[in-house]
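**Student:** Sending over target-v8.pdb (PDB, C-alpha atoms).
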ATOM      1  CA  MET A   1     -51.157 -29.267  35.916  1.00  0.00           C
ATOM      2  CA  VAL A   2     -48.805 -31.199  38.187  1.00  0.00           C
ATOM      3  CA  LYS A   3     -49.231 -34.719  39.509  1.00  0.00           C
ATOM      4  CA  LYS A   4     -49.550 -35.009  43.270  1.00  0.00           C
ATOM      5  CA  ASP A   5     -47.130 -37.949  43.463  1.00  0.00           C
ATOM      6  CA  ASP A   6     -44.490 -36.032  41.489  1.00  0.00           C
ATOM      7  CA  LEU A   7     -44.789 -32.986  43.753  1.00  0.00           C
ATOM      8  CA  GLN A   8     -44.407 -35.130  46.855  1.00  0.00           C
ATOM      9  CA  GLN A   9     -40.999 -36.177  45.545  1.00  0.00           C
ATOM     10  CA  ALA A  10     -39.725 -32.681  44.651  1.00  0.00           C
ATOM     11  CA  PRO A  11     -39.724 -29.358  46.546  1.00  0.00           C
ATOM     12  CA  ARG A  12     -40.907 -27.392  43.456  1.00  0.00           C
ATOM     13  CA  LEU A  13     -42.222 -28.195  39.996  1.00  0.00           C
ATOM     14  CA  GLN A  14     -43.127 -26.111  36.992  1.00  0.00           C
ATOM     15  CA  CYS A  15     -46.751 -25.919  35.952  1.00  0.00           C
ATOM     16  CA  TYR A  16     -48.038 -24.636  32.623  1.00  0.00           C
ATOM     17  CA  GLY A  17     -51.069 -22.611  31.679  1.00  0.00           C
ATOM     18  CA  SER A  18     -52.409 -20.021  29.249  1.00  0.00           C
ATOM     19  CA  ASN A  19     -50.462 -17.308  31.082  1.00  0.00           C
ATOM     20  CA  GLY A  20     -47.143 -19.104  30.773  1.00  0.00           C
ATOM     21  CA  THR A  21     -44.970 -21.079  33.164  1.00  0.00           C
ATOM     22  CA  ARG A  22     -45.331 -20.883  36.944  1.00  0.00           C
ATOM     23  CA  TRP A  23     -43.954 -22.757  39.936  1.00  0.00           C
ATOM     24  CA  ILE A  24     -45.865 -24.757  42.550  1.00  0.00           C
ATOM     25  CA  ASP A  25     -44.323 -25.747  45.892  1.00  0.00           C
ATOM     26  CA  ARG A  26     -44.698 -29.053  47.684  1.00  0.00           C
ATOM     27  CA  ASP A  27     -46.108 -27.100  50.637  1.00  0.00           C
ATOM     28  CA  ASP A  28     -49.069 -26.091  48.459  1.00  0.00           C
ATOM     29  CA  LEU A  29     -50.368 -29.666  48.590  1.00  0.00           C
ATOM     30  CA  SER A  30     -51.963 -29.109  51.992  1.00  0.00           C
ATOM     31  CA  ILE A  31     -54.502 -26.660  50.550  1.00  0.00           C
ATOM     32  CA  TRP A  32     -55.826 -29.305  48.153  1.00  0.00           C
ATOM     33  CA  PHE A  33     -55.395 -32.498  50.144  1.00  0.00           C
ATOM     34  CA  GLY A  34     -55.786 -31.315  53.756  1.00  0.00           C
ATOM     35  CA  ASN A  35     -52.593 -32.797  55.153  1.00  0.00           C
ATOM     36  CA  PRO A  36     -52.367 -31.319  58.680  1.00  0.00           C
ATOM     37  CA  ASN A  37     -48.768 -32.448  59.134  1.00  0.00           C
ATOM     38  CA  GLN A  38     -47.759 -30.689  55.952  1.00  0.00           C
ATOM     39  CA  LYS A  39     -49.542 -27.512  57.037  1.00  0.00           C
ATOM     40  CA  THR A  40     -47.745 -27.490  60.379  1.00  0.00           C
ATOM     41  CA  LYS A  41     -44.418 -27.999  58.661  1.00  0.00           C
ATOM     42  CA  ARG A  42     -45.122 -25.169  56.235  1.00  0.00           C
ATOM     43  CA  THR A  43     -45.990 -22.796  59.060  1.00  0.00           C
ATOM     44  CA  ARG A  44     -42.760 -23.473  60.894  1.00  0.00           C
ATOM     45  CA  LEU A  45     -40.652 -23.095  57.770  1.00  0.00           C
ATOM     46  CA  ARG A  46     -42.170 -19.840  56.607  1.00  0.00           C
ATOM     47  CA  HIS A  47     -42.249 -17.928  59.885  1.00  0.00           C
ATOM     48  CA  VAL A  48     -39.138 -18.880  61.797  1.00  0.00           C
ATOM     49  CA  ASP A  49     -38.358 -15.244  62.668  1.00  0.00           C
ATOM     50  CA  LEU A  50     -41.978 -14.245  63.289  1.00  0.00           C
ATOM     51  CA  SER A  51     -42.594 -17.261  65.495  1.00  0.00           C
ATOM     52  CA  LYS A  52     -40.021 -15.926  67.952  1.00  0.00           C
ATOM     53  CA  ALA A  53     -42.167 -12.828  68.496  1.00  0.00           C
ATOM     54  CA  LEU A  54     -45.516 -14.630  68.733  1.00  0.00           C
ATOM     55  CA  PRO A  55     -46.767 -16.774  71.625  1.00  0.00           C
ATOM     56  CA  ASP A  56     -47.434 -20.453  70.997  1.00  0.00           C
ATOM     57  CA  ARG A  57     -51.119 -20.381  71.949  1.00  0.00           C
ATOM     58  CA  ASN A  58     -54.588 -19.496  70.733  1.00  0.00           C
ATOM     59  CA  LEU A  59     -55.764 -15.904  70.667  1.00  0.00           C
ATOM     60  CA  SER A  60     -57.669 -14.302  73.540  1.00  0.00           C
ATOM     61  CA  PHE A  61     -61.025 -12.689  72.824  1.00  0.00           C
ATOM     62  CA  LYS A  62     -59.392  -9.245  72.903  1.00  0.00           C
ATOM     63  CA  GLU A  63     -56.814 -10.414  70.393  1.00  0.00           C
ATOM     64  CA  ILE A  64     -59.531 -11.830  68.147  1.00  0.00           C
ATOM     65  CA  GLY A  65     -61.159  -8.404  68.033  1.00  0.00           C
ATOM     66  CA  ARG A  66     -57.826  -6.774  67.243  1.00  0.00           C
ATOM     67  CA  VAL A  67     -56.650  -9.132  64.500  1.00  0.00           C
ATOM     68  CA  SER A  68     -60.017  -8.806  62.760  1.00  0.00           C
ATOM     69  CA  ARG A  69     -58.997  -5.338  61.568  1.00  0.00           C
ATOM     70  CA  TYR A  70     -56.282  -6.912  59.397  1.00  0.00           C
ATOM     71  CA  ILE A  71     -58.478  -9.485  57.637  1.00  0.00           C
ATOM     72  CA  GLY A  72     -59.437  -8.057  54.267  1.00  0.00           C
ATOM     73  CA  GLY A  73     -61.408  -8.882  51.160  1.00  0.00           C
ATOM     74  CA  THR A  74     -59.814 -12.306  50.739  1.00  0.00           C
ATOM     75  CA  TYR A  75     -61.334 -13.417  54.040  1.00  0.00           C
ATOM     76  CA  GLN A  76     -63.065 -16.401  52.423  1.00  0.00           C
ATOM     77  CA  MET A  77     -59.777 -17.912  51.258  1.00  0.00           C
ATOM     78  CA  PHE A  78     -58.149 -16.962  54.559  1.00  0.00           C
ATOM     79  CA  PHE A  79     -60.713 -18.856  56.627  1.00  0.00           C
ATOM     80  CA  ALA A  80     -60.733 -21.752  54.170  1.00  0.00           C
ATOM     81  CA  GLU A  81     -57.010 -22.047  54.893  1.00  0.00           C
ATOM     82  CA  LEU A  82     -57.969 -22.442  58.557  1.00  0.00           C
ATOM     83  CA  ASP A  83     -60.445 -25.207  57.663  1.00  0.00           C
ATOM     84  CA  CYS A  84     -63.550 -23.106  58.228  1.00  0.00           C
ATOM     85  CA  GLU A  85     -66.448 -24.326  56.094  1.00  0.00           C
ATOM     86  CA  VAL A  86     -67.941 -21.964  53.524  1.00  0.00           C
ATOM     87  CA  ALA A  87     -71.417 -22.596  54.949  1.00  0.00           C
ATOM     88  CA  ILE A  88     -70.257 -21.334  58.343  1.00  0.00           C
ATOM     89  CA  LEU A  89     -68.775 -18.197  56.773  1.00  0.00           C
ATOM     90  CA  GLU A  90     -71.993 -17.406  54.965  1.00  0.00           C
ATOM     91  CA  GLN A  91     -74.120 -18.116  58.018  1.00  0.00           C
ATOM     92  CA  GLU A  92     -72.052 -15.873  60.300  1.00  0.00           C
ATOM     93  CA  MET A  93     -71.888 -13.034  57.752  1.00  0.00           C
ATOM     94  CA  GLU A  94     -75.653 -13.144  57.209  1.00  0.00           C
ATOM     95  CA  GLU A  95     -76.646 -13.616  60.847  1.00  0.00           C
ATOM     96  CA  HIS A  96     -74.601 -10.608  61.938  1.00  0.00           C
ATOM     97  CA  ARG A  97     -75.207  -8.333  58.959  1.00  0.00           C
ATOM     98  CA  HIS A  98     -76.240  -5.553  61.374  1.00  0.00           C
ATOM     99  CA  LEU A  99     -72.594  -5.337  62.468  1.00  0.00           C
ATOM    100  CA  ASP A 100     -69.678  -3.840  60.572  1.00  0.00           C
ATOM    101  CA  PHE A 101     -67.347  -6.059  58.541  1.00  0.00           C
ATOM    102  CA  ARG A 102     -64.667  -6.215  61.224  1.00  0.00           C
ATOM    103  CA  SER A 103     -67.116  -7.369  63.897  1.00  0.00           C
ATOM    104  CA  ARG A 104     -68.483 -10.078  61.601  1.00  0.00           C
ATOM    105  CA  ILE A 105     -64.931 -11.301  61.023  1.00  0.00           C
ATOM    106  CA  ALA A 106     -64.506 -11.471  64.810  1.00  0.00           C
ATOM    107  CA  LYS A 107     -67.703 -13.529  65.028  1.00  0.00           C
ATOM    108  CA  ILE A 108     -66.304 -16.005  62.495  1.00  0.00           C
ATOM    109  CA  PHE A 109     -63.055 -16.252  64.450  1.00  0.00           C
ATOM    110  CA  ILE A 110     -64.941 -16.981  67.657  1.00  0.00           C
ATOM    111  CA  HIS A 111     -66.986 -19.719  66.006  1.00  0.00           C
ATOM    112  CA  LEU A 112     -63.822 -21.186  64.488  1.00  0.00           C
ATOM    113  CA  LEU A 113     -61.979 -21.301  67.800  1.00  0.00           C
ATOM    114  CA  LYS A 114     -64.874 -23.195  69.355  1.00  0.00           C
ATOM    115  CA  THR A 115     -64.517 -25.972  66.793  1.00  0.00           C
ATOM    116  CA  LYS A 116     -60.807 -25.788  65.879  1.00  0.00           C
ATOM    117  CA  ALA A 117     -59.015 -25.627  69.210  1.00  0.00           C
ATOM    118  CA  ASP A 118     -55.567 -25.732  67.599  1.00  0.00           C
ATOM    119  CA  THR A 119     -55.978 -22.508  65.593  1.00  0.00           C
ATOM    120  CA  GLY A 120     -53.140 -20.487  67.120  1.00  0.00           C
ATOM    121  CA  PHE A 121     -50.964 -17.524  66.217  1.00  0.00           C
ATOM    122  CA  LEU A 122     -48.681 -19.359  63.804  1.00  0.00           C
ATOM    123  CA  ALA A 123     -51.522 -20.934  61.823  1.00  0.00           C
ATOM    124  CA  ILE A 124     -53.186 -17.521  61.513  1.00  0.00           C
ATOM    125  CA  ALA A 125     -49.873 -15.903  60.498  1.00  0.00           C
ATOM    126  CA  ASP A 126     -49.413 -18.480  57.766  1.00  0.00           C
ATOM    127  CA  ALA A 127     -52.972 -18.059  56.445  1.00  0.00           C
ATOM    128  CA  MET A 128     -52.526 -14.272  56.390  1.00  0.00           C
ATOM    129  CA  SER A 129     -49.295 -14.481  54.413  1.00  0.00           C
ATOM    130  CA  ARG A 130     -50.871 -16.784  51.847  1.00  0.00           C
ATOM    131  CA  HIS A 131     -53.752 -14.427  51.100  1.00  0.00           C
ATOM    132  CA  GLY A 132     -52.226 -10.969  50.796  1.00  0.00           C
ATOM    133  CA  MET A 133     -52.235  -9.942  54.459  1.00  0.00           C
ATOM    134  CA  ASP A 134     -49.277  -8.910  56.583  1.00  0.00           C
ATOM    135  CA  PRO A 135     -48.701 -11.484  59.365  1.00  0.00           C
ATOM    136  CA  SER A 136     -46.266  -9.147  61.158  1.00  0.00           C
ATOM    137  CA  LYS A 137     -49.370  -7.185  62.237  1.00  0.00           C
ATOM    138  CA  LEU A 138     -50.051  -9.974  64.728  1.00  0.00           C
ATOM    139  CA  VAL A 139     -47.242  -8.658  66.897  1.00  0.00           C
ATOM    140  CA  ASN A 140     -49.245  -5.443  67.332  1.00  0.00           C
ATOM    141  CA  ILE A 141     -52.227  -7.181  68.905  1.00  0.00           C
ATOM    142  CA  LEU A 142     -50.326  -8.443  71.963  1.00  0.00           C
ATOM    143  CA  ASP A 143     -50.923  -6.538  75.202  1.00  0.00           C
ATOM    144  CA  SER A 144     -47.156  -6.389  75.758  1.00  0.00           C
ATOM    145  CA  ASN A 145     -46.740  -4.250  72.612  1.00  0.00           C
ATOM    146  CA  ARG A 146     -49.561  -1.781  73.148  1.00  0.00           C
ATOM    147  CA  ASN A 147     -49.819   1.685  74.658  1.00  0.00           C
ATOM    148  CA  VAL A 148     -51.223   1.731  78.166  1.00  0.00           C
ATOM    149  CA  MET A 149     -52.063   5.446  78.074  1.00  0.00           C
ATOM    150  CA  PHE A 150     -54.199   7.292  75.544  1.00  0.00           C
ATOM    151  CA  ILE A 151     -51.936   9.712  73.690  1.00  0.00           C
ATOM    152  CA  ASP A 152     -53.219  13.284  73.539  1.00  0.00           C
ATOM    153  CA  GLU A 153     -51.017  16.215  74.545  1.00  0.00           C
ATOM    154  CA  THR A 154     -54.055  18.266  75.527  1.00  0.00           C
ATOM    155  CA  LEU A 155     -55.094  15.780  78.230  1.00  0.00           C
ATOM    156  CA  THR A 156     -53.497  15.451  81.642  1.00  0.00           C
ATOM    157  CA  ASP A 157     -52.701  12.131  83.289  1.00  0.00           C
ATOM    158  CA  THR A 158     -54.986  13.120  86.145  1.00  0.00           C
ATOM    159  CA  TRP A 159     -57.953  13.568  83.818  1.00  0.00           C
ATOM    160  CA  LEU A 160     -57.252  10.320  81.937  1.00  0.00           C
ATOM    161  CA  LYS A 161     -56.959   8.363  85.183  1.00  0.00           C
ATOM    162  CA  ARG A 162     -60.281   9.666  86.480  1.00  0.00           C
ATOM    163  CA  TYR A 163     -62.704   6.857  87.290  1.00  0.00           C
ATOM    164  CA  VAL A 164     -65.688   6.582  84.977  1.00  0.00           C
ATOM    165  CA  SER A 165     -68.860   7.537  86.846  1.00  0.00           C
ATOM    166  CA  ASP A 166     -72.459   6.510  86.342  1.00  0.00           C
ATOM    167  CA  ASN A 167     -73.104  10.031  85.019  1.00  0.00           C
ATOM    168  CA  ASP A 168     -70.585   9.401  82.235  1.00  0.00           C
ATOM    169  CA  VAL A 169     -72.484   6.373  80.910  1.00  0.00           C
ATOM    170  CA  PRO A 170     -75.091   8.174  78.739  1.00  0.00           C
ATOM    171  CA  ILE A 171     -72.366  10.430  77.309  1.00  0.00           C
ATOM    172  CA  ILE A 172     -70.151   7.489  76.382  1.00  0.00           C
ATOM    173  CA  ALA A 173     -73.110   5.497  75.044  1.00  0.00           C
ATOM    174  CA  ASP A 174     -73.967   8.339  72.645  1.00  0.00           C
ATOM    175  CA  HIS A 175     -70.476   8.027  71.116  1.00  0.00           C
ATOM    176  CA  VAL A 176     -70.357   4.254  70.698  1.00  0.00           C
ATOM    177  CA  ASP A 177     -70.631   3.151  67.072  1.00  0.00           C
ATOM    178  CA  ILE A 178     -73.650   0.841  67.081  1.00  0.00           C
ATOM    179  CA  LYS A 179     -72.158  -1.313  64.323  1.00  0.00           C
ATOM    180  CA  SER A 180     -68.895  -1.824  66.244  1.00  0.00           C
ATOM    181  CA  TYR A 181     -70.146  -2.290  69.793  1.00  0.00           C
ATOM    182  CA  PHE A 182     -69.372  -6.027  69.767  1.00  0.00           C
ATOM    183  CA  ASN A 183     -65.648  -5.486  69.215  1.00  0.00           C
ATOM    184  CA  LEU A 184     -65.631  -2.605  71.702  1.00  0.00           C
ATOM    185  CA  PHE A 185     -66.827  -4.796  74.554  1.00  0.00           C
ATOM    186  CA  LEU A 186     -64.397  -7.566  73.592  1.00  0.00           C
ATOM    187  CA  GLU A 187     -61.679  -4.930  73.921  1.00  0.00           C
ATOM    188  CA  LEU A 188     -63.075  -3.900  77.310  1.00  0.00           C
ATOM    189  CA  GLY A 189     -62.722  -7.482  78.519  1.00  0.00           C
ATOM    190  CA  PHE A 190     -66.175  -9.000  78.075  1.00  0.00           C
ATOM    191  CA  THR A 191     -66.484 -12.523  76.719  1.00  0.00           C
ATOM    192  CA  PRO A 192     -68.626 -13.137  73.617  1.00  0.00           C
ATOM    193  CA  LYS A 193     -71.023 -15.131  75.792  1.00  0.00           C
ATOM    194  CA  ILE A 194     -71.701 -12.115  78.018  1.00  0.00           C
ATOM    195  CA  VAL A 195     -72.243  -9.783  75.045  1.00  0.00           C
ATOM    196  CA  ASP A 196     -74.558 -12.367  73.473  1.00  0.00           C
ATOM    197  CA  LYS A 197     -76.626 -12.422  76.667  1.00  0.00           C
ATOM    198  CA  PHE A 198     -77.156  -8.673  76.433  1.00  0.00           C
ATOM    199  CA  ASP A 199     -78.083  -9.120  72.768  1.00  0.00           C
ATOM    200  CA  TYR A 200     -80.794 -11.523  73.889  1.00  0.00           C
ATOM    201  CA  ASP A 201     -82.023  -9.351  76.777  1.00  0.00           C
ATOM    202  CA  TYR A 202     -82.046  -5.987  74.950  1.00  0.00           C
ATOM    203  CA  LYS A 203     -83.470  -5.531  71.463  1.00  0.00           C
ATOM    204  CA  ASP A 204     -83.087  -1.741  71.524  1.00  0.00           C
ATOM    205  CA  ILE A 205     -79.476  -0.987  70.617  1.00  0.00           C
ATOM    206  CA  SER A 206     -79.190   2.196  72.721  1.00  0.00           C
ATOM    207  CA  LYS A 207     -80.498   0.468  75.841  1.00  0.00           C
ATOM    208  CA  LYS A 208     -78.216  -2.485  75.171  1.00  0.00           C
ATOM    209  CA  ILE A 209     -75.069  -0.329  74.945  1.00  0.00           C
ATOM    210  CA  THR A 210     -76.048   1.597  78.072  1.00  0.00           C
ATOM    211  CA  ALA A 211     -76.630  -1.639  79.991  1.00  0.00           C
ATOM    212  CA  LEU A 212     -73.291  -3.049  78.806  1.00  0.00           C
ATOM    213  CA  LEU A 213     -71.459   0.085  79.954  1.00  0.00           C
ATOM    214  CA  GLU A 214     -73.184   0.004  83.340  1.00  0.00           C
ATOM    215  CA  ALA A 215     -72.192  -3.646  83.768  1.00  0.00           C
ATOM    216  CA  PHE A 216     -68.640  -2.864  82.697  1.00  0.00           C
ATOM    217  CA  ILE A 217     -68.302  -0.132  85.330  1.00  0.00           C
ATOM    218  CA  LYS A 218     -69.922  -2.208  88.046  1.00  0.00           C
ATOM    219  CA  GLU A 219     -68.012  -5.438  87.447  1.00  0.00           C
ATOM    220  CA  THR A 220     -64.529  -4.114  86.632  1.00  0.00           C
ATOM    221  CA  LYS A 221     -62.153  -3.991  89.597  1.00  0.00           C
ATOM    222  CA  PRO A 222     -60.521  -1.585  90.088  1.00  0.00           C
ATOM    223  CA  ARG A 223     -63.091   0.763  88.625  1.00  0.00           C
ATOM    224  CA  PRO A 224     -62.299   1.596  84.971  1.00  0.00           C
ATOM    225  CA  THR A 225     -60.850   4.949  84.009  1.00  0.00           C
ATOM    226  CA  VAL A 226     -61.548   7.366  81.196  1.00  0.00           C
ATOM    227  CA  ASN A 227     -58.206   6.240  79.771  1.00  0.00           C
ATOM    228  CA  SER A 228     -59.422   2.633  79.407  1.00  0.00           C
ATOM    229  CA  ILE A 229     -62.571   3.738  77.599  1.00  0.00           C
ATOM    230  CA  LEU A 230     -60.643   5.959  75.185  1.00  0.00           C
ATOM    231  CA  LEU A 231     -58.076   3.265  74.397  1.00  0.00           C
ATOM    232  CA  ALA A 232     -60.827   0.742  73.627  1.00  0.00           C
ATOM    233  CA  MET A 233     -62.762   3.181  71.451  1.00  0.00           C
ATOM    234  CA  GLN A 234     -59.588   4.147  69.627  1.00  0.00           C
ATOM    235  CA  GLU A 235     -58.853   0.478  68.894  1.00  0.00           C
ATOM    236  CA  CYS A 236     -62.342   0.185  67.394  1.00  0.00           C
ATOM    237  CA  ASP A 237     -61.928   3.342  65.266  1.00  0.00           C
ATOM    238  CA  MET A 238     -64.599   5.303  67.103  1.00  0.00           C
ATOM    239  CA  ASP A 239     -64.718   9.090  67.453  1.00  0.00           C
ATOM    240  CA  THR A 240     -62.683   9.746  70.602  1.00  0.00           C
ATOM    241  CA  GLU A 241     -62.307  13.476  69.928  1.00  0.00           C
ATOM    242  CA  SER A 242     -66.043  14.095  70.160  1.00  0.00           C
ATOM    243  CA  LEU A 243     -66.261  11.962  73.291  1.00  0.00           C
ATOM    244  CA  ILE A 244     -63.458  13.918  74.961  1.00  0.00           C
ATOM    245  CA  ARG A 245     -65.210  17.224  74.233  1.00  0.00           C
ATOM    246  CA  ALA A 246     -68.495  15.872  75.567  1.00  0.00           C
ATOM    247  CA  LEU A 247     -66.927  14.549  78.778  1.00  0.00           C
ATOM    248  CA  LYS A 248     -65.107  17.829  79.375  1.00  0.00           C
ATOM    249  CA  SER A 249     -68.222  19.903  78.921  1.00  0.00           C
ATOM    250  CA  ALA A 250     -70.424  17.716  81.110  1.00  0.00           C
TER     251      ALA A 250
END
Go ahead and express the file in the form of structure tokens.
**Tutor:**
Amino acid sequence: MVKKDDLQQAPRLQCYGSNGTRWIDRDDLSIWFGNPNQKTKRTRLRHVDLSKALPDRNLSFKEIGRVSRYIGGTYQMFFAELDCEVAILEQEMEEHRHLDFRSRIAKIFIHLLKTKADTGFLAIADAMSRHGMDPSKLVNILDSNRNVMFIDETLTDTWLKRYVSDNDVPIIADHVDIKSYFNLFLELGFTPKIVDKFDYDYKDISKKITALLEAFIKETKPRPTVNSILLAMQECDMDTESLIRALKSA
């Protein structure tokens, strides 16, 4: 073990255990003693290059849904690094057990951002790097770095740019993964509050997804295209190939 006062005076110290000698950094103090100034300093030191590619702001709801794919099995330690209480983690995971793991992670993020307004890109990058995740993946969740057209050589631009019609709704609804619908509608631009309202109004999952799609078509200006639906479903790892075949044969 290492004394806190000694580590505050030195950048690194050796610590000893049954597995031999290891090193502990002064920056590691923030995990144990909750020094916010130290945590900010550590973030800036570790990600100088990455910080140039990331915006200095909190994540949008779309970006929350996207980054959730990169949060793995060490999610408890990851969120603890972001000062999220264990009780909140357990509550969110249990309350939304009907959703897939990625969507439950998004739910935790959303709760965290309501209570920790300063949880931005750099803090998340630092927490990812500390718990076995690749923070460079954050660059991929920015709209500026994403494809704007669904890539499939068998599809024409004209077909992809076709406006989604009311007749397409039941076809699309049949291909929405019911465990991933929450992230899908974040990707389509809905706020969590709107999706939660539909959760309250519709207990039947099929009717809920249909109603969400109808609202999406009605409220999106200009009217959404097949391309936008396919891109969102692809982001959420849904079966776009089957949807394409169904839309073509309709």
**Student:** How far is it from CA of Ser242 (chain A) to CA of Leu142 (chain A), in Å with one decimal?
**Tutor:**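 Between CA of Ser242 (chain A) and CA of Leu142 (chain A) the gap is 27.5 Å.
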**Student:** With all atoms listed in the file as the counted atoms, please give the residues lying no more than 9 Å from region 112-117 of chain A, apart from itself and same-chain residues fewer than 2 positions off, as a list in words.
**Tutor:**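 Non-adjacent residues within range: Asn58, Leu59, Phe79, Leu82, Asp83, Cys84, Ile88, Lys107, Ile108, Phe109, Ile110, Thr119 and Gly120 of chain A.
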**Student:** Apply the PyMOL selection byres ((chain A and resi 213-219) around 12) to the structure shown and report the selected residues as a PyMOL selection string.
**Tutor:** chain A and resi 163-176+181+184-191+194-195+198+206-212+220-226+228-229
**Student:** How many Å separate CA of Lys179 (chain A) from CA of Asp100 (chain A)?
**Tutor:**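 Between CA of Lys179 (chain A) and CA of Asp100 (chain A) the gap is 5.2 Å.
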**Student:** Please list as number ranges by chain every residue within 6 Å of Arg66 (chain A), counting all atoms listed in the file and excluding residues in the same chain fewer than 3 positions away.
**Tutor:** A: 63, 69, 141
**Student:** Take the residues from that selection and put them in a file with C-alpha atoms, as a compact mmCIF listing (two decimals), keeping the file's coordinate frame.
**Tutor:**
# COMPACT_ATOMS: atom_id res chain seq x y z
CA GLU A 63 -56.81 -10.41 70.39
CA ARG A 69 -59.00 -5.34 61.57
CA ILE A 141 -52.23 -7.18 68.90
**Student:** In Å to one decimal, how far is CA of Lys62 (chain A) from CA of Arg146 (chain A)?
**Tutor:** 12.3 Å
**Student:** Evaluate the PyMOL selection byres ((chain A and resi 241) around 12) against this structure - the residues, as a ChimeraX atom specification, please.
**Tutor:** /A:150-152,154-155,172,175,230-231,233-234,237-240,242-248
**Student:** Can I get the selection written as a PDB file, in the coordinates of the input, with C-alpha atoms?
**Tutor:**
ATOM      1  CA  PHE A 150     -54.199   7.292  75.544  1.00  0.00           C
ATOM      2  CA  ILE A 151     -51.936   9.712  73.690  1.00  0.00           C
ATOM      3  CA  ASP A 152     -53.219  13.284  73.539  1.00  0.00           C
ATOM      4  CA  THR A 154     -54.055  18.266  75.527  1.00  0.00           C
ATOM      5  CA  LEU A 155     -55.094  15.780  78.230  1.00  0.00           C
ATOM      6  CA  ILE A 172     -70.151   7.489  76.382  1.00  0.00           C
ATOM      7  CA  HIS A 175     -70.476   8.027  71.116  1.00  0.00           C
ATOM      8  CA  LEU A 230     -60.643   5.959  75.185  1.00  0.00           C
ATOM      9  CA  LEU A 231     -58.076   3.265  74.397  1.00  0.00           C
ATOM     10  CA  MET A 233     -62.762   3.181  71.451  1.00  0.00           C
ATOM     11  CA  GLN A 234     -59.588   4.147  69.627  1.00  0.00           C
ATOM     12  CA  ASP A 237     -61.928   3.342  65.266  1.00  0.00           C
ATOM     13  CA  MET A 238     -64.599   5.303  67.103  1.00  0.00           C
ATOM     14  CA  ASP A 239     -64.718   9.090  67.453  1.00  0.00           C
ATOM     15  CA  THR A 240     -62.683   9.746  70.602  1.00  0.00           C
ATOM     16  CA  SER A 242     -66.043  14.095  70.160  1.00  0.00           C
ATOM     17  CA  LEU A 243     -66.261  11.962  73.291  1.00  0.00           C
ATOM     18  CA  ILE A 244     -63.458  13.918  74.961  1.00  0.00           C
ATOM     19  CA  ARG A 245     -65.210  17.224  74.233  1.00  0.00           C
ATOM     20  CA  ALA A 246     -68.495  15.872  75.567  1.00  0.00           C
ATOM     21  CA  LEU A 247     -66.927  14.549  78.778  1.00  0.00           C
ATOM     22  CA  LYS A 248     -65.107  17.829  79.375  1.00  0.00           C
TER      23      LYS A 248
END
**Student:** Counting only C-alpha atoms, figure out which residue out of A:Arg102, A:Ile71, A:Glu92, A:Ser129 gets nearest to Glu235 (chain A).
**Tutor:**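 Checking each candidate against Glu235 (chain A), we get A:Arg102 as the closest.
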**Student:** Measuring atom to atom with only C-alpha atoms, identify which of A:Lys161, A:His96, A:Lys137, A:Lys203 is nearest to Phe121 (chain A).
**Tutor:** A:Lys137
**Student:** My list of candidates is A:Ile205, A:Ala125, A:Ile178, A:Cys15. Which is closest to Leu99 (chain A) when distances are computed with all atoms listed in the file?
**Tutor:**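 Counting all atoms listed in the file, the residue closest to Leu99 (chain A) is A:Ile178.
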**Student:** In the coordinate frame of the file, compute which residues have an atom within 12 Å of (-45.2, -6.8, 71.8) when using only C-alpha atoms, and state them as a ChimeraX atom specification.
**Tutor:** /A:50,52-55,136-147
